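I have placed the structure first, in the form of structure tokens, so that the comments after it can refer back to it.
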Amino acid sequence: HLSNPMTDKIGSDGSPSGIGCTDPGTCFSVYHSCTKPFRIVGDIDNGAVARSEYQCSSYEGINEEWPTVWMGDSGNDVDASTPGVYRRESSIWSTEGFTLTTVPTKYREDSGGLCGDEIEIDSITTTNPSKVPTVSP
């Protein structure tokens, strides 16, 4: 699920020079998205990766191009380089593609659909794991 810390409720801690808040931890209010339970089904004979062989990339190597500084109160820079620490930060949204205009192009381009390319295995529609990005910003 996704979480959205409400940094407007932490006063001066959310300013560009503030200490921020953490989630989980000190953020006053955090909204979480909800999903219905789901199950991933794959067939190794049809190209699925065995769970024992699947490795996620290290957090440090993911999104190296993702901005670590955002626009904060009164247009001042906000340091966003520490994972899990939140301050008031913003960006500019595109009215055409509904993406952030201040991130590298690769994060604004469609990578093959929201959940990857559907494939048919034994009458079960699933998603091809080799075509699904493992991380989204």
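Naming works like this for the structure tokens: A, B, ... for the chains as they're shown, residue 1 at the start of each chain, ligands 1 onward in shown order.
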
Practice task
Find the residues near Cys21 in chain A: any atom within 6 Å, counting only C-alpha atoms, skip ones fewer than 3 places away on the same chain, and give them as an MDAnalysis selection string.
Solution key: chainID A and resid 26:27 85:86

Keeping only C-alpha atoms, take the residues you just selected and write them out as a compact mmCIF listing (two decimals), in the first residue's frame.
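Printed below is part-v2.txt as written:
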```
# COMPACT_ATOMS: atom_id res chain seq x y z
CA THR A 26 6.27 10.95 14.55
CA CYS A 27 4.02 12.08 11.69
CA VAL A 85 11.69 11.42 6.77
CA TYR A 86 9.02 13.80 5.48
```

Exercise for the section: Using only C-alpha atoms, determine which residues lie at most 12 Å from Ser33 in chain A, disregarding the query and same-chain residues fewer than 5 positions distant; provide the list as a ChimeraX atom specification. Expected result: /A:1-5

Problem - Which of A:Arg87, A:Thr68, A:Ser52, A:Thr105 sits closest to Ile10 in chain A [using only C-alpha atoms] - result: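 Smallest distance to Ile10 in chain A is found for A:Arg87.
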
Completion exercise
Counting only C-alpha atoms, closest pick from A:Met71, A:Asp23, A:Arg108, A:Glu65 relative to Ile92 in chain A is A:Met71

Problem - Contact residues around Gly20 in chain A with only C-alpha atoms at 12 Å, ignoring same-chain residues under 3 positions, as an NGL selection string - result: :A and (5-17 or 23 or 25-28 or 72 or 78-89)

Handout entry: Filtered DSSP result for range 41-103 of chain A, state strand (DSSP E), as a list in words
Key =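 Here is the list: Val69, Trp70, Met71, Asp77, Val78, Asp79, Val85 and Tyr86 of chain A.
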
Completion exercise
One decimal place gives the CA of Ala48 in chain A-CA of Trp66 in chain A separation as 29.1 Å

So that I can check the surroundings of Leu100 in chain A, please list as an mmCIF file with C-alpha atoms, in the first residue's frame every protein, DNA and RNA residue that reaches within 12 Å of it, counting only C-alpha atoms and ignoring chain neighbours fewer than 6 positions away.
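Result written to result.cif:
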```cif
data_model
loop_
_atom_site.group_PDB
_atom_site.id
_atom_site.type_symbol
_atom_site.label_atom_id
_atom_site.label_comp_id
_atom_site.auth_asym_id
_atom_site.auth_seq_id
_atom_site.Cartn_x
_atom_site.Cartn_y
_atom_site.Cartn_z
ATOM 1 C CA TRP A 66 15.133 10.458 -8.367
ATOM 2 C CA PRO A 67 15.330 14.023 -7.014
ATOM 3 C CA TRP A 70 12.110 19.345 -3.739
ATOM 4 C CA SER A 90 5.917 19.829 -3.634
ATOM 5 C CA SER A 91 6.420 19.591 -7.366
ATOM 6 C CA ILE A 92 4.627 20.681 -10.501
ATOM 7 C CA TRP A 93 2.105 18.246 -12.005
ATOM 8 C CA SER A 94 1.535 17.955 -15.752
ATOM 9 C CA LYS A 106 12.046 7.869 -17.464
ATOM 10 C CA TYR A 107 9.681 8.294 -14.493
ATOM 11 C CA ARG A 108 7.111 10.096 -16.657
ATOM 12 C CA GLU A 109 6.994 7.565 -19.499
ATOM 13 C CA PRO A 137 8.627 6.104 -7.433
#
```
